[in-house]
Each structure stands twice: as C-alpha cells, then as structure tokens.
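Okay, so here's the structure we're looking at.
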2 protein chains.
Amino acid sequence: MTTRFSFTLAATDGRARTGTISTPRGEIRTPAFMPVGTAATVKAMLPESVRATGADILLGNTYHLMLRPGAERVDRMGGLHRFMNWDRPILTDSGGFQVMSLAGLRKLSEEGVTFSSHIDGSKHQLTPERSMEIQRLLGSDIVMCFDECPALPATEGEVAASMRLSMRWAQRSRDAFGDRPGHALFGIMQGGVTRELREESAAALQQIGFDGYAVGGLAVGEGQEAMFGVLDYATGFLPQDKPRYLMGVGKPDDIVGAVQRGIDMMDCVLPSRSGRTGQAWTRRGQVNIKNARHQDDPRPLDEHCTCPACTGYSRAYLHHVFRAGEMISGMLLTWHNLHYYQELMQGMRDAIAAGRLDAFVADFHAARAEGDIKPI
Amino acid sequence: MTTRFSFTLAATDGRARTGTISTPRGEIRTPAFMPVGTAATVKAMLPESVRATGADILLGNTYHLMLRPGAERVDRMGGLHRFMNWDRPILTDSGGFQVMSLAGLRKLSEEGVTFSSHIDGSKHQLTPERSMEIQRLLGSDIVMCFDECPALPATEGEVAASMRLSMRWAQRSRDAFGDRPGHALFGIMQGGVTRELREESAAALQQIGFDGYAVGGLAVGEGQEAMFGVLDYATGFLPQDKPRYLMGVGKPDDIVGAVQRGIDMMDCVLPSRSGRTGQAWTRRGQVNIKNARHQDDPRPLDEHCTCPACTGYSRAYLHHVFRAGEMISGMLLTWHNLHYYQELMQGMRDAIAAGRLDAFVADFHAARAEGDIKPI
C-alpha cells in the first residue's frame, strides 16, 4: 500500500483515459463513479453493499456533515471513515456548492459565506480556511477547494467575477491545506460556458498547483449539449497527468459522454435518489417500477444484471414493495442502480484499455434505443 | 431433506422443551422466534440478512397479502417463498386476528367475516375455507386455522361463545385444508383467561387433530402476569409431541417466561418495529438511541454483540443517522434487534439441552437489572 497520493494513466482511447489513483486507503480505478454519502451514509445501503457494487470511493458532503453531526464530533469519533464504517477513499466537497444553493439564507463576501442551517436556522460561516479545517477533521482523502458557483441565470460579467473570486479562494485553500502526505487537494475550474473564462480559470489553478482538477459549474441546468460543449475544450486546458473530476454528473449518457471527453471521476445522487422513488436505470434505459404494467411480470428488472435485485426478485415483487411503501424497495433499487453505474464504469474502463470505446458507446446507445422489455 | 412435517423433542428442562421441527423446506430449531414479514418483507431487512441473524422461519400475514399484492398473484409468481426470495419455512396466520382488529369495518357471522380493506375500502370476505385457500396459494408451510379473537374487554360469556365459534371454524379449517403432505395445519386454542374455557378449547382441538397447537388470544392487553397465569396451565392441556406456538409474543422477558412454560414457537413485530423507531433491545435491556446521551459515545450498542450494527458502528453514529432520518438507522437497529432475539433463543435452546435453563434465566434477569452502560 502506498503512503502517497498518485495518478497513473494506463491507456487512452481518443480523449478518454483509464488509469489508477493510488491512495493510502486503496486504489481508485478510473474512470470512477463515486456514490454520494451525504450524511455519512449512502442512503438505503450498508457500506459493504456499496463496496459490493464495485465502488472504490465515496463522496461526503462538508455542508451536511458540519451541521450534523458536526466535523469536530466526527473527528472525536475517529474520522469519517471509522464513523461510517468505510475504510476506502473518501472525497469531500468543500461545502461551497451546497451553501450557494441556500439562496436567501446566505451572504457572500471576499472572506467567505455566512449562512443559516436548513436544519435549525443556526448561523455558520464557511471560508476557504474553515472548509479546509472541516475536511481535515473529517479525514477526507481527496479535499476540494472552497469555491463559489454563481446562481443561474448569470451574466458573463457575473460569471467572470465569481470565477476570479473562486481562484483567490483556491489560493487560500491551497495555503490552508498545507502539506498533508497521502491526502490530495483538488482545484475547481469555473467560468460557466465561456471558453476564455474556462481557460483563464484552468491556468490560474495550474499556477497554484493541485493534485487533481475538477470541472465545476456544470450540471446546474445548462443542459447536456451545453455541458458537452464546455467539456469539448475544457478538459484540454487541464494537465494530462492529473485526475479530472466532473462534479455532480449525472445520468448514464452524461457519464458516457463525459468519459469520452477525458473525464476521470464523477459523482451524483441520481442512482441512489432514483432508487428511493421507484426509478431504475438499466442497459435499456429507465424503468419506472411504480407502473402497473409490472405488477404481474415475473421477469427481473434486467435479465443480464447480476445485482441482488435482479437475481432475487421479479418486477412484480419490486412493484409490490414500492406500492406498499416498504424499505426493501429503496434498498433493492438503490443497490441495482449503483451496481448498474459501476458496471457501466467497468465496461468503459475495459473498452478504453482495449481501444474500443467507440464500439462500447455505440452498443450503449443501441441498447437504450431498444427501450425497456415489453410487458408480458 | 424430509418430505414430511414432523416434530422431534430433543430435551426438556422443567416444562421447557428444545427440539426440531422438520419440513421439506428446512429445519426449525425450537424454541424458535419467527420474525414477521407482513407484506412479503421483514421491514428494513433483506431476506439473506434475516437468515444471517439465525432465523429458521418467517411469518407472513394472510390479511395483508390477500389485499396487496393478492394471493392469486403471489401464486402466479410462484408462491410466497419465491416472491420474497426466502426458501426456508414460512408460517402464515389465518387473517382472523387482523380482521378482528379492524373494529367498525368488519361484520361477523357463523359463515365468516366480511370487511373493508384498510388500503382502498374494497369489500372482502374471510371464511375458514377462503383462509385455507389463501394460505395454500401463498404456499405456506405452516397454515393456521381461521379463528376469532374477541375484542377486549369481553365478558366470560362472550369469550366462551367466541371460543366455541373458533372451534367450529377449526373443524371447517381442518376439512378445507385436506391432506397436504409436507404442509402442517395448526389449531388455535382460545378461551381468554378462563381455565375451564382453555381446557375445553384444547380438548376440542385435539378431538379434531392438528400438526401443532397455538395459544391464541393472549398478548392482547391482558399484561404479562395474566399471560403467564394462563400459560402456567394452558400448555399442560396440549399434547407433548406437537409444537406449541404462542402467537404475537413478545418482549424478551415475555419470550423467556413463555419458554419456561413450555412454548416452542413465537412471533412478534417488536424487534423490527422497534428498530425503525430508534429502540434497541440488548442484554442490558432497552436502549433509546434517540437520546442525546449517545451523541458522543464511541462504544457500540452492546460490546458483546456480534451483529453488523455492533461490530461496525458507534452509538454516536447510530444516534446521528436516526436523527438525520437515514434509512440505515432502521436497517442497522432492526438487524441488531433480530440478532439479539435469535441469540436469546439459541441461548435458551443450549441451556435447555444442558439442563441449566434456570441459571440462564437468572443471568438474563441479572444483566437486565444492571441496565444500559453508563454514559461516558
């Protein structure tokens, strides 16, 4: 086991890459999908089940954990890994994005952001320095810079000003992070959908120097076409030898398109959130298990899937337990969705290594075009 | 594997017994605790996890399953075992008890009970014959007679009339059940807290002849002392060579007292329901994980317990996820509670086999008297 954080590229295929991030807590195979464990749990899953889906790394949310149970408390309990019983790598966001989405409840200044808790209304402050401290207390393996993500719609001038503030905060984050062997600090590129701003942001971050680079400010409502449009050039502004992380993405086809454009890491609540609302993601697209057409269907969600939901249960059962409001519904569908996402990542890693990603992506879209299996 | 239903007594200690019920779907070690899988799921648990706690048999509810998803649908899906992915024995209740608790929504006659669904208000009828048919469609291994359990308070005359109706229904259940090798039909003794009525009921059931005998009409609000008072004599009215099942019991000390009085099988929603409301059952009694005194406690619920909740998580974590409304709270506490119940049963089985149940029970009460571990 390494004592350092490092990234090794194993193969490229077009702009897509596959490789390994090594950390003292284990290896992360890239491209990697990171399930989200907001409040120190991936909702509806035990951590050993998350691992069984193939996840190498989880994401934790600074904003939620600082409010409840509190970063100092997590630290007293031995850190987030021990607290939530996950001994593999954890990436934590900086809190910036989630604080920004509080809208009327926050106040922004050069120093940072003051805001009111959505839980009890109590006042809090986040600055680059406090975000670094919280992420250190949590014991995060991959720490994210504290940044600002402007609320949309925003003028180009607003986006530029916000990006430059984030770059000053990136420097303060770097200074506050210090030297922590085995732990990584990632910078976050901003600049909206403006190429020149993205280029300026990428240059500013590389001037400071980070262990990895995230693409921020996307997947915030701009649409897939605009997102891919930014990724078409933005990953090219980033160094080849560091991991690239697209934050908060996405649906399976978003993920595939991002990998094709050179992204190495992604996270999203979608597979777990969908699982709790009766939505399954499969090779053939999305399945709404609430639909009455499933109530007498003895077939699994996906006959080729090896997850516990598909090997153990019929659509009729999954429909029944969803309708009855049973917890096993969210447990099984979340497991299935996370399994599907990880299988998709493994498929892309294998395809890139074999130099056949284009064929893999063509198969991916063809299976989705077929649509869900017909009712019997 | 046997093709028949049978019961073998291995040892007795005082009035307590240990043995094995053999069925084509597996053996049931007695005294046995049966987790309740009301709507084709033990709430918050995957069936393989229920098995991992040590459960040999589950209970399913005729009333709930007939309404949703419907007994005919379960039959079309291959039966309840396949539907819910549990291949070991299942006992189903008759629906009688749950229909009786519908109060104003039901109407009783010699023929049976008509009632309105609590889900959609639709009209349904349950009779001994229909209950037998539903339990056959579900594929139940141990079928319960359709009986009436009078609403309390009731006069002795009302209890007697109700018991005699249940005995007529027991004969009709027996006739409708027919000859189904490998499947068992249990009679249900009624008679409230009146010794003579219990004796009359037990004699009537044995006149008909069943594969096992349940003690019904207890754990309905009469209190532990009255319940034990009935069990002190009632099990003596039943044959030695057939299993005895106390329905709907109970708390750990109820279970221990029932085993001491010659009961072989029990079921209760308590461990799973408690788990979802933040209540844990331990050797030292009940623990309310909601309580703020746990929020900084790095110790497990029970340092001697080997369940996933106790080996993987602190009280601080369990407190946090309960407060945050996370599903993992119910998942872990339910697992712990079911594990504790099964461990208690195993302890009693071992103690009875070794002829030291009195010492085991003394230790059980001594540990509870110590109370929960002190806050740190």
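How things are named: the first chain in the structure tokens is A, the next is B, and so on; residues count from 1 in each chain; ligands count from 1 in the order shown.
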
task = Return as a ChimeraX atom specification the residues belonging to chain B that are within 10 Å of chain A, counting only C-alpha atoms.
result = /B:39-47,64,68-70,73-74,76-78,82-86,119,295-299,308,311-321,323-332

query = What residues in stretch 89-333 of chain B get the DSSP label strand (DSSP E)? Please answer as a PyMOL selection string.
reply = chain B and resi 90-92+106-108+113-116+123-126+142-144+184-189+212-215+244-246+265-268+279-282+285-288

message = To one decimal place in Å, what is the distance between atom CA of A:Glu199 and atom CA of A:Glu225?
response =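 Taking atom CA of A:Glu199 and atom CA of A:Glu225, their separation equals 19.3 Å.
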
message = Let's see if you can do this: from backbone DSSP, list all alpha helix (DSSP H) residues in stretch 10-253 of chain A, as a VMD selection string.
response = chain A and resid 47 to 52 62 to 67 71 to 76 80 to 84 96 to 100 128 to 138 156 to 177 195 to 208 224 to 234 252 to 253

inquiry  = List as a ChimeraX atom specification the protein and nucleic acid residues near B:Gly262, meaning an atom at most 7 Å away when only C-alpha atoms are counted, but skip any in the same chain fewer than 3 places from it.
reply    = /B:15-17,235,258-259

Distance query A:Met247 at most 8 Å, only C-alpha atoms, self and fewer than 4 positions along chain excluded, as number ranges by chain = A: 214-216, 218-219, 266-268

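Take the candidates B:Ile142, B:Ala351, B:Leu246, B:Leu344 and check each one against B:Pro181 using only C-alpha atoms; the shortest distance goes to B:Ile142.
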
request  = Record the distance separating atom CA of A:Gln125 and atom CA of A:Leu65, expressed in Å with one decimal.
outcome  =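 Rounded to one decimal, the two atoms are 13.9 Å apart.
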
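Each of B:Arg276, B:Lys290, B:Arg261, B:Arg106 was compared to B:Gly14 using only C-alpha atoms, and B:Arg261 turns out to be the nearest.
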
query = Smallest atom-to-atom distance to B:Ile255: which of B:Ala176, B:Met348, B:Val99, B:Met132, using only C-alpha atoms?
reply = B:Met348
